[in-house]
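Here is the file input.cif (mmCIF, C-alpha atoms and all ligand atoms).
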data_final
loop_
_atom_site.label_atom_id
_atom_site.label_comp_id
_atom_site.auth_asym_id
_atom_site.auth_seq_id
_atom_site.Cartn_x
_atom_site.Cartn_y
_atom_site.Cartn_z
CA MET I 1 -191.47 26.72 12.49
CA ILE I 2 -188.37 26.03 10.40
CA SER I 3 -186.05 29.03 10.52
CA PHE I 4 -184.11 30.09 7.48
CA ASN I 5 -180.89 30.23 9.51
CA VAL I 6 -179.73 29.18 12.99
CA PRO I 7 -176.23 30.38 13.99
CA PRO I 8 -173.85 27.43 14.33
CA TYR I 9 -172.85 26.11 17.75
CA ALA I 10 -170.39 23.22 17.69
CA GLY I 11 -169.97 22.51 21.43
CA LYS I 12 -166.71 23.91 22.82
CA GLU I 13 -167.36 27.61 22.22
CA LYS I 14 -168.20 28.44 25.86
CA GLU I 15 -165.20 26.50 27.16
CA TYR I 16 -162.80 28.29 24.80
CA MET I 17 -164.30 31.71 25.52
CA ALA I 18 -163.94 31.06 29.25
CA GLU I 19 -160.32 30.10 28.61
CA ALA I 20 -159.69 33.41 26.84
CA ILE I 21 -161.22 35.24 29.82
CA ASP I 22 -159.19 33.21 32.34
CA ASN I 23 -156.03 33.91 30.35
CA ARG I 24 -156.73 37.63 30.86
CA LYS I 25 -156.25 38.05 27.14
CA ILE I 26 -159.33 39.42 25.46
CA CYS I 27 -157.99 41.92 22.92
CA GLY I 28 -156.83 40.77 19.49
CA ASP I 29 -154.00 38.48 18.36
CA GLY I 30 -153.93 36.12 21.33
CA ASP I 31 -153.63 32.33 21.14
CA PHE I 32 -157.08 31.70 19.67
CA THR I 33 -156.62 34.27 16.91
CA LYS I 34 -153.27 32.67 16.05
CA LYS I 35 -154.81 29.19 16.04
CA CYS I 36 -157.55 30.37 13.67
CA ASN I 37 -154.99 32.02 11.37
CA SER I 38 -152.87 28.85 11.25
CA TRP I 39 -155.93 26.69 10.65
CA ILE I 40 -156.86 28.75 7.60
CA GLU I 41 -153.27 28.72 6.34
CA ASP I 42 -152.99 24.93 6.70
CA ARG I 43 -156.34 24.32 5.12
CA THR I 44 -155.92 26.62 2.09
CA GLY I 45 -152.19 26.95 1.56
CA THR I 46 -152.41 30.75 1.62
CA ALA I 47 -149.17 32.56 2.51
CA LYS I 48 -150.86 34.40 5.41
CA ALA I 49 -154.31 34.51 6.96
CA LEU I 50 -155.32 37.28 9.37
CA LEU I 51 -158.54 37.31 11.35
CA VAL I 52 -160.38 40.61 10.99
CA THR I 53 -163.62 42.10 12.29
CA SER I 54 -165.82 41.10 9.34
CA GLY I 55 -165.95 39.95 5.75
CA SER I 56 -166.60 43.58 4.92
CA THR I 57 -163.43 44.81 6.62
CA ALA I 58 -161.43 42.01 4.95
CA LEU I 59 -162.61 43.50 1.65
CA ASP I 60 -161.80 47.02 2.91
CA MET I 61 -158.25 45.94 3.71
CA ALA I 62 -157.89 44.25 0.32
CA ALA I 63 -159.00 47.49 -1.34
CA VAL I 64 -156.41 49.50 0.62
CA LEU I 65 -153.72 46.95 -0.24
CA SER I 66 -154.70 47.10 -3.92
CA GLU I 67 -154.04 50.85 -3.86
CA VAL I 68 -157.15 51.66 -5.85
CA GLY I 69 -158.29 55.26 -5.82
CA PRO I 70 -160.17 57.91 -7.74
CA GLY I 71 -159.96 57.29 -11.48
CA ASP I 72 -159.48 53.52 -11.09
CA GLU I 73 -162.08 50.96 -12.09
CA VAL I 74 -163.00 47.69 -10.42
CA ILE I 75 -164.84 44.90 -12.26
CA LEU I 76 -167.35 42.94 -10.19
CA PRO I 77 -170.76 41.30 -10.51
CA SER I 78 -173.87 43.38 -9.78
CA TYR I 79 -175.43 40.27 -8.23
CA THR I 80 -173.59 40.40 -4.90
CA PHE I 81 -173.70 41.76 -1.36
CA VAL I 82 -173.03 45.50 -0.97
CA SER I 83 -169.72 44.94 0.84
CA THR I 84 -167.97 43.74 -2.32
CA ALA I 85 -168.70 47.17 -3.82
CA ASN I 86 -168.40 49.40 -0.73
CA ALA I 87 -164.78 48.42 -0.12
CA PHE I 88 -163.72 49.99 -3.41
CA VAL I 89 -166.15 52.91 -3.26
CA LEU I 90 -164.61 53.87 0.09
CA ARG I 91 -161.27 54.23 -1.75
CA GLY I 92 -162.88 56.46 -4.39
CA ALA I 93 -162.77 53.91 -7.22
CA SER I 94 -165.53 53.42 -9.83
CA LEU I 95 -167.42 50.17 -10.25
CA VAL I 96 -167.94 48.34 -13.53
CA PHE I 97 -170.62 45.67 -13.16
CA VAL I 98 -170.60 42.60 -15.39
CA ASP I 99 -173.40 40.06 -15.88
CA ILE I 100 -173.46 36.65 -14.18
CA ARG I 101 -173.66 33.08 -15.51
CA PRO I 102 -177.09 31.44 -15.43
CA ASP I 103 -175.74 28.17 -13.96
CA THR I 104 -173.65 29.27 -10.94
CA GLN I 105 -174.84 32.92 -10.62
CA ASN I 106 -171.12 33.83 -10.59
CA ILE I 107 -169.56 36.60 -12.69
CA ASP I 108 -169.43 35.46 -16.33
CA GLU I 109 -165.70 35.15 -16.95
CA LYS I 110 -166.27 35.40 -20.71
CA LEU I 111 -167.58 38.97 -20.31
CA ILE I 112 -164.76 40.34 -18.18
CA GLU I 113 -162.18 41.11 -20.85
CA ASP I 114 -164.59 43.31 -22.81
CA ALA I 115 -165.19 45.43 -19.67
CA ILE I 116 -161.48 46.19 -19.17
CA THR I 117 -160.34 49.77 -19.90
CA ASP I 118 -157.02 51.51 -19.31
CA LYS I 119 -158.43 52.50 -15.89
CA THR I 120 -159.17 48.95 -14.71
CA LYS I 121 -157.11 47.94 -11.69
CA VAL I 122 -158.96 45.13 -9.90
CA ILE I 123 -161.24 42.20 -10.68
CA ALA I 124 -163.38 41.15 -7.70
CA PRO I 125 -165.01 37.75 -8.38
CA VAL I 126 -167.59 36.59 -5.82
CA HIS I 127 -167.90 32.85 -5.18
CA TYR I 128 -171.67 32.71 -4.90
CA ALA I 129 -173.07 30.02 -2.59
CA GLY I 130 -169.53 28.79 -1.99
CA VAL I 131 -169.23 27.57 -5.60
CA SER I 132 -166.08 28.83 -7.29
CA CYS I 133 -165.90 31.26 -10.18
CA GLU I 134 -163.95 30.06 -13.25
CA MET I 135 -160.66 31.05 -11.62
CA ASP I 136 -158.18 29.79 -14.25
CA THR I 137 -159.79 32.04 -16.85
CA ILE I 138 -160.03 34.99 -14.47
CA MET I 139 -156.40 34.66 -13.33
CA ASP I 140 -155.26 34.41 -16.94
CA ILE I 141 -157.11 37.63 -17.85
CA ALA I 142 -155.70 39.36 -14.76
CA ARG I 143 -152.13 38.32 -15.57
CA ARG I 144 -152.36 39.45 -19.20
CA HIS I 145 -153.78 42.85 -18.20
CA ASN I 146 -151.71 43.27 -15.03
CA LEU I 147 -154.75 43.42 -12.74
CA ILE I 148 -155.15 42.57 -9.07
CA VAL I 149 -157.66 39.86 -8.13
CA VAL I 150 -159.60 40.20 -4.86
CA GLU I 151 -161.69 37.07 -4.24
CA ASP I 152 -164.86 37.66 -2.27
CA ALA I 153 -164.88 34.19 -0.71
CA ALA I 154 -167.18 35.28 2.14
CA GLN I 155 -169.40 32.27 1.39
CA GLY I 156 -166.62 29.94 0.24
CA VAL I 157 -164.73 28.83 3.35
CA ILE I 158 -163.28 25.32 2.72
CA SER I 159 -164.71 25.18 -0.82
CA THR I 160 -162.19 24.39 -3.54
CA TYR I 161 -161.52 25.01 -7.23
CA LYS I 162 -159.40 22.28 -8.86
CA GLY I 163 -158.38 21.30 -5.34
CA ARG I 164 -157.29 24.81 -4.31
CA GLY I 165 -159.00 26.58 -1.40
CA LEU I 166 -161.16 29.53 -2.38
CA GLY I 167 -159.55 32.78 -1.29
CA SER I 168 -156.06 31.37 -1.89
CA ILE I 169 -156.07 31.77 -5.68
CA GLY I 170 -156.18 35.53 -6.36
CA ASP I 171 -153.94 38.18 -4.77
CA TYR I 172 -156.26 38.49 -1.76
CA GLY I 173 -159.13 36.38 -0.43
CA CYS I 174 -161.86 37.58 1.92
CA TYR I 175 -163.77 35.30 4.31
CA SER I 176 -166.77 36.09 6.48
CA PHE I 177 -167.54 34.49 9.82
CA HIS I 178 -170.84 36.29 10.28
CA GLU I 179 -173.54 34.26 12.04
CA THR I 180 -175.20 33.54 8.68
CA LYS I 181 -172.06 31.87 7.30
CA ASN I 182 -170.92 28.23 7.64
CA TYR I 183 -168.46 28.99 10.46
CA SER I 184 -169.09 31.88 12.74
CA MET I 185 -167.72 34.18 15.42
CA GLY I 186 -170.80 36.41 15.53
CA GLU I 187 -169.20 39.15 13.49
CA GLY I 188 -165.82 38.48 11.94
CA GLY I 189 -163.82 37.52 8.90
CA ALA I 190 -160.35 36.83 7.58
CA LEU I 191 -158.06 38.28 4.97
CA LEU I 192 -155.92 35.82 3.01
CA ILE I 193 -152.73 37.30 1.57
CA ASN I 194 -151.44 35.05 -1.17
CA ASP I 195 -148.25 36.88 -2.15
CA GLU I 196 -145.64 36.97 0.62
CA ALA I 197 -144.54 40.40 -0.58
CA ASN I 198 -147.82 41.91 0.68
CA ILE I 199 -147.86 40.38 4.17
CA ASP I 200 -145.92 43.11 5.98
CA ARG I 201 -148.13 45.89 4.65
CA ALA I 202 -151.29 43.91 5.48
CA GLU I 203 -150.12 43.48 9.09
CA ILE I 204 -149.39 47.21 9.33
CA ILE I 205 -152.77 48.29 7.92
CA ARG I 206 -154.51 45.90 10.32
CA GLU I 207 -152.60 47.36 13.32
CA LYS I 208 -153.70 50.99 12.85
CA GLY I 209 -150.88 51.71 10.38
CA THR I 210 -148.17 50.80 12.90
CA ASP I 211 -145.40 48.23 12.73
CA ARG I 212 -146.55 46.73 16.03
CA SER I 213 -146.54 43.17 14.68
CA LYS I 214 -142.82 43.53 13.83
CA PHE I 215 -142.27 44.86 17.36
CA LEU I 216 -144.04 41.86 18.87
CA LYS I 217 -141.85 39.54 16.80
CA GLY I 218 -138.78 41.38 18.13
CA MET I 219 -137.85 42.73 14.69
CA VAL I 220 -137.89 46.40 15.77
CA ASP I 221 -137.26 47.81 19.27
CA LYS I 222 -140.19 50.21 19.29
CA TYR I 223 -143.21 50.54 17.11
CA THR I 224 -144.39 53.58 15.27
CA TRP I 225 -146.88 54.90 12.73
CA VAL I 226 -145.63 53.94 9.27
CA ASP I 227 -148.68 53.78 6.94
CA MET I 228 -152.43 54.33 6.77
CA GLY I 229 -154.51 51.81 8.68
CA SER I 230 -157.24 51.16 11.17
CA SER I 231 -158.16 48.62 13.84
CA TYR I 232 -159.18 45.43 12.10
CA LEU I 233 -158.39 42.96 14.92
CA PRO I 234 -161.28 41.01 16.38
CA SER I 235 -161.44 40.26 20.11
CA GLU I 236 -160.05 36.97 21.42
CA LEU I 237 -163.54 36.14 22.71
CA ASN I 238 -164.80 36.01 19.15
CA ALA I 239 -161.73 34.12 17.95
CA ALA I 240 -162.27 31.54 20.72
CA TYR I 241 -165.83 30.98 19.51
CA LEU I 242 -164.61 30.59 15.95
CA TYR I 243 -161.83 28.17 16.83
CA ALA I 244 -164.35 25.76 18.35
CA GLN I 245 -166.14 25.82 15.01
CA LEU I 246 -163.05 25.44 12.83
CA GLU I 247 -162.01 22.37 14.84
CA MET I 248 -165.38 20.90 13.88
CA ALA I 249 -165.33 22.20 10.31
CA ASP I 250 -165.60 18.83 8.61
CA VAL I 251 -168.41 17.65 10.88
CA ILE I 252 -170.33 20.88 10.22
CA ASN I 253 -169.63 20.57 6.50
CA GLU I 254 -170.83 16.96 6.26
CA ASN I 255 -174.00 17.86 8.11
CA ARG I 256 -174.75 20.77 5.76
CA MET I 257 -173.87 18.67 2.73
CA ALA I 258 -176.34 15.96 3.79
CA SER I 259 -179.12 18.59 3.90
CA TRP I 260 -178.02 19.99 0.54
CA ASN I 261 -177.99 16.56 -1.13
CA SER I 262 -181.35 15.70 0.34
CA TYR I 263 -182.90 18.90 -1.04
CA TYR I 264 -181.32 18.19 -4.41
CA GLU I 265 -182.60 14.62 -4.61
CA GLN I 266 -186.09 15.39 -3.40
CA LEU I 267 -186.56 18.36 -5.71
CA SER I 268 -185.00 16.86 -8.83
CA GLU I 269 -188.35 15.50 -10.04
CA LEU I 270 -189.66 19.08 -10.19
CA GLU I 271 -186.61 20.11 -12.15
CA ALA I 272 -187.03 17.17 -14.52
CA ALA I 273 -190.64 18.28 -15.05
CA GLY I 274 -189.37 21.75 -15.97
CA ARG I 275 -191.02 23.46 -13.01
CA LEU I 276 -187.93 24.92 -11.33
CA GLN I 277 -184.15 24.98 -11.57
CA LEU I 278 -181.66 23.58 -9.07
CA PRO I 279 -178.06 24.73 -8.40
CA VAL I 280 -175.32 23.61 -10.82
CA ILE I 281 -171.91 22.63 -9.43
CA PRO I 282 -169.20 22.63 -12.15
CA GLU I 283 -166.97 19.56 -12.16
CA GLU I 284 -163.84 21.41 -11.00
CA CYS I 285 -165.63 22.87 -7.97
CA GLU I 286 -166.13 21.31 -4.58
CA HIS I 287 -168.64 23.40 -2.64
CA ASN I 288 -169.47 23.76 1.05
CA ALA I 289 -173.29 23.66 1.05
CA HIS I 290 -173.35 27.30 2.06
CA MET I 291 -176.83 27.63 0.65
CA PHE I 292 -179.54 25.73 -1.12
CA TYR I 293 -181.54 27.77 -3.60
CA ILE I 294 -184.10 27.11 -6.29
CA LYS I 295 -184.98 29.25 -9.29
CA THR I 296 -188.67 29.72 -10.02
CA ALA I 297 -190.21 30.66 -13.37
CA GLY I 298 -190.38 34.34 -12.46
CA LEU I 299 -190.99 37.04 -9.88
CA ASP I 300 -194.70 36.37 -9.28
CA GLU I 301 -194.12 32.68 -8.73
CA ARG I 302 -191.25 33.36 -6.32
CA VAL I 303 -193.34 35.80 -4.29
CA GLU I 304 -196.24 33.31 -4.13
CA LEU I 305 -194.00 30.40 -3.20
CA ALA I 306 -192.25 32.38 -0.42
CA ALA I 307 -195.67 33.39 0.96
CA PHE I 308 -196.90 29.78 0.77
CA LEU I 309 -193.82 28.54 2.63
CA LYS I 310 -194.28 31.23 5.27
CA GLU I 311 -197.90 30.17 5.79
CA ASN I 312 -196.53 26.70 6.44
CA GLY I 313 -193.95 27.90 8.96
CA ILE I 314 -190.93 27.82 6.66
CA GLY I 315 -188.45 30.69 6.44
CA SER I 316 -187.05 31.46 2.99
CA VAL I 317 -185.00 34.39 1.71
CA PHE I 318 -184.30 36.08 -1.60
CA HIS I 319 -181.48 38.44 -2.62
CA TYR I 320 -179.64 40.50 -4.05
CA VAL I 321 -181.23 43.68 -5.30
CA PRO I 322 -178.85 44.12 -8.26
CA LEU I 323 -176.30 46.71 -7.15
CA HIS I 324 -176.45 48.63 -10.44
CA SER I 325 -180.17 49.26 -9.92
CA ALA I 326 -179.73 50.41 -6.29
CA PRO I 327 -179.44 54.19 -5.66
CA ALA I 328 -175.75 54.00 -4.68
CA GLY I 329 -174.91 51.59 -7.48
CA SER I 330 -175.87 53.98 -10.21
CA ARG I 331 -173.96 56.78 -8.48
CA PHE I 332 -170.74 54.80 -8.04
CA GLY I 333 -170.73 52.55 -11.08
CA ARG I 334 -172.07 51.44 -14.42
CA PHE I 335 -173.21 48.14 -15.91
CA HIS I 336 -171.09 47.02 -18.84
CA GLY I 337 -172.92 45.04 -21.51
CA GLU I 338 -176.33 43.45 -21.30
CA ASP I 339 -178.13 42.50 -18.07
CA LYS I 340 -179.26 39.09 -19.25
CA TYR I 341 -179.22 37.19 -15.97
CA THR I 342 -178.51 39.57 -13.05
CA THR I 343 -182.00 41.04 -12.60
CA SER I 344 -183.82 37.87 -13.61
CA THR I 345 -181.82 35.83 -11.06
CA PHE I 346 -182.78 38.32 -8.35
CA GLU I 347 -186.43 37.87 -9.38
CA ARG I 348 -186.39 34.08 -9.58
CA LEU I 349 -184.06 32.85 -6.85
CA LEU I 350 -185.28 31.65 -3.45
CA ARG I 351 -183.03 30.35 -0.67
CA LEU I 352 -184.34 27.52 1.51
CA PRO I 353 -183.53 26.83 5.19
CA MET I 354 -179.91 25.75 5.54
CA TYR I 355 -177.87 25.53 8.74
CA TYR I 356 -175.79 23.17 10.83
CA GLY I 357 -178.19 20.79 12.59
CA LEU I 358 -181.13 21.23 10.22
CA LYS I 359 -183.21 18.08 10.69
CA ALA I 360 -183.63 15.60 7.85
CA ASP I 361 -187.38 15.54 8.47
CA ASP I 362 -187.50 19.30 8.15
CA VAL I 363 -185.77 19.16 4.77
CA THR I 364 -188.36 16.62 3.66
CA TYR I 365 -191.19 18.79 4.99
CA VAL I 366 -189.87 21.81 3.03
CA CYS I 367 -189.59 19.70 -0.15
CA ASP I 368 -193.10 18.29 0.34
CA LYS I 369 -194.51 21.81 0.68
CA ILE I 370 -192.72 22.93 -2.48
CA LYS I 371 -194.14 19.90 -4.34
CA GLU I 372 -197.58 20.76 -2.98
CA PHE I 373 -197.20 24.35 -4.25
CA TYR I 374 -196.31 23.17 -7.75
CA ALA I 375 -199.08 20.57 -7.80
CA LYS I 376 -201.67 23.34 -7.42
C1 LIG Y 401 -171.52 37.89 4.05
C2 LIG Y 401 -170.90 38.48 2.85
C3 LIG Y 401 -170.04 39.58 2.91
C4 LIG Y 401 -169.83 40.39 4.17
O1 LIG Y 401 -169.41 39.69 5.27
P1 LIG Y 401 -169.65 40.32 6.74
O2 LIG Y 401 -168.84 39.43 7.61
O3 LIG Y 401 -171.12 40.24 7.01
O4 LIG Y 401 -169.17 41.72 6.73
C5 LIG Y 401 -169.41 40.02 1.76
N1 LIG Y 401 -169.64 39.42 0.58
C6 LIG Y 401 -170.48 38.37 0.47
C7 LIG Y 401 -170.66 37.74 -0.87
C8 LIG Y 401 -171.14 37.88 1.59
O5 LIG Y 401 -171.98 36.84 1.46
#
Final structure tokens representation of the file:
Amino acid sequence: MISFNVPPYAGKEKEYMAEAIDNRKICGDGDFTKKCNSWIEDRTGTAKALLVTSGSTALDMAAVLSEVGPGDEVILPSYTFVSTANAFVLRGASLVFVDIRPDTQNIDEKLIEDAITDKTKVIAPVHYAGVSCEMDTIMDIARRHNLIVVEDAAQGVISTYKGRGLGSIGDYGCYSFHETKNYSMGEGGALLINDEANIDRAEIIREKGTDRSKFLKGMVDKYTWVDMGSSYLPSELNAAYLYAQLEMADVINENRMASWNSYYEQLSELEAAGRLQLPVIPEECEHNAHMFYIKTAGLDERVELAAFLKENGIGSVFHYVPLHSAPAGSRFGRFHGEDKYTTSTFERLLRLPMYYGLKADDVTYVCDKIKEFYAK
């Protein structure tokens, strides 16, 4: 049996978690949380990184910081995870879905400007599969229309666009460290704040709306309730687990990349024969092998292939039910323009097993089974 995903374990997680316990420091913002924050800052160049409880709550915080509310519109792809949308819906904003590109499955930057109205406040690009959106174009549109950019970089940790870390380019970046992501803490995430002017407010919102972080730095002599907020701090136990993974980030990345490249090479003959499509990585993007997917001819073929792989002990996964066609999506938003690729990508795309430690022989076995399917 080849699982679709196995949560990453790098080696020192238990040792670091025991250290957090021995330190008698298990709530948030201890040494391991600080080490993780610094690691992300060093790696991406963001002004401030803050560990939070999930990729979803990183997005929630970014939505609060963006001050979106009823009457405001947020532009995002319909081909994404629900959390990208929920964050803004929770603030009362309306969603405007835009179609994706057929090569990267990312929001089509050329369609964004036409979707802007006088109510638009935020653009939320999602870096699908850890491959960057066309950020220069998106940032240029945002600047000209005075819009905030919230990058959903949940899948894009350590990926880059023109050498810049994903999540560090827009106003805010949101990472996920869920067990299905490249680096994990079980449940967790990080918010990247790229404009120094927004750091204080982010720290307050994360600390239940109090200025406790200023108090801890000795900047005020008592702390008090100053703004809206909630508890977005993860436990030190989770941060300790994550830090063991971040220390090994390059090793994990190289291992995933080897699997990704092997899939790509072994399946390229099927692509050359016009049987399926493989991922496209634009020249300015360096990705992180977050996922390997193929695109079949259509829905029936994808369903049959997934069933065939399952019969042969191989886990595969498809997603996302386009948000605009989901019950909540039509209530909270509208699709702007034509759905040329969103629904068809959902119908055609199949994700293959991909995790740290996936065996080379297993990748070959999966590729052989796919070749066998197409030979029939
Ligand atoms: C995983 C993911 C999220 C949510 O992250 P959680 O840590 O599971 O809350 C948000 N957006 C995208 C694109 C994701 O892949």
(message) Hey, which residues sit close to ligand LIG 401 (chain Y)? Say within 10 Å, counting all atoms listed in the file, and write them as a PyMOL selection string.
(response) chain I and resi 52-60+79-87+125-130+151-156+174-181+184-190+290+320
TODO: Check the smallest atom-to-atom distance from each of I:Ala239, I:Ile370, I:Lys359, I:Gly218 to I:Lys310 using only C-alpha atoms, then report the winner.
DONE: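 Closest residue, counting only C-alpha atoms: I:Ile370.
One distance worth recording is that between atom CA of I:Tyr374 and atom CA of I:Tyr264, which is 16.1 Å.
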re atom CA of I:Ser262 and atom CA of I:Tyr161: distance 23.2 Å
Between atom CA of I:Ala273 and atom CA of I:Phe373, distance in Å (one decimal):
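Distance reported for this atom pair: 14.0 Å.
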Can you find the residues with an atom no farther than 9 Å from (-189.3, 32.4, 3.3), counting all atoms listed in the file, and report them as number ranges by chain? I: 3-4, 305-310, 313-318, 350-353
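With only C-alpha atoms as the atoms that count, the residue of I:Ala202, I:Ala124, I:Cys285, I:Leu270 with the shortest distance to I:Lys162 is I:Cys285.
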Taking into account all atoms listed in the file, which residue in the set I:Glu196, I:Glu271, I:Glu338, I:Asp227 is nearest to I:Lys295?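 Of the candidates, the smallest distance to I:Lys295 is held by I:Glu271.
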Around (-156.1, 49.3, -0.9) in the file's own coordinates, what residues are found within 10 Å if you use all atoms listed in the file, given back as a ChimeraX atom specification?
/I:59-69,87-88,90-91,202,205,228
If you keep C-alpha atoms, can you produce a file of those selected residues as a PDB file, in the coordinates of the input?
ATOM      1  CA  LEU I  59    -162.610  43.500   1.650  1.00  0.00           C
ATOM      2  CA  ASP I  60    -161.800  47.020   2.910  1.00  0.00           C
ATOM      3  CA  MET I  61    -158.250  45.940   3.710  1.00  0.00           C
ATOM      4  CA  ALA I  62    -157.890  44.250   0.320  1.00  0.00           C
ATOM      5  CA  ALA I  63    -159.000  47.490  -1.340  1.00  0.00           C
ATOM      6  CA  VAL I  64    -156.410  49.500   0.620  1.00  0.00           C
ATOM      7  CA  LEU I  65    -153.720  46.950  -0.240  1.00  0.00           C
ATOM      8  CA  SER I  66    -154.700  47.100  -3.920  1.00  0.00           C
ATOM      9  CA  GLU I  67    -154.040  50.850  -3.860  1.00  0.00           C
ATOM     10  CA  VAL I  68    -157.150  51.660  -5.850  1.00  0.00           C
ATOM     11  CA  GLY I  69    -158.290  55.260  -5.820  1.00  0.00           C
ATOM     12  CA  ALA I  87    -164.780  48.420  -0.120  1.00  0.00           C
ATOM     13  CA  PHE I  88    -163.720  49.990  -3.410  1.00  0.00           C
ATOM     14  CA  LEU I  90    -164.610  53.870   0.090  1.00  0.00           C
ATOM     15  CA  ARG I  91    -161.270  54.230  -1.750  1.00  0.00           C
ATOM     16  CA  ALA I 202    -151.290  43.910   5.480  1.00  0.00           C
ATOM     17  CA  ILE I 205    -152.770  48.290   7.920  1.00  0.00           C
ATOM     18  CA  MET I 228    -152.430  54.330   6.770  1.00  0.00           C
TER      19      MET I 228
END
Just checking: using all atoms listed in the file, which residue out of I:Arg101, I:Asp42, I:Asn261, I:Glu73 ends up closest to I:Lys340?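 Looking at the shortest contact to I:Lys340, the residue is I:Arg101.
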Judged by all atoms listed in the file, the minimum distance to I:Val321 among I:Val226, I:Val280, I:Ala197, I:Leu349 is found for I:Leu349
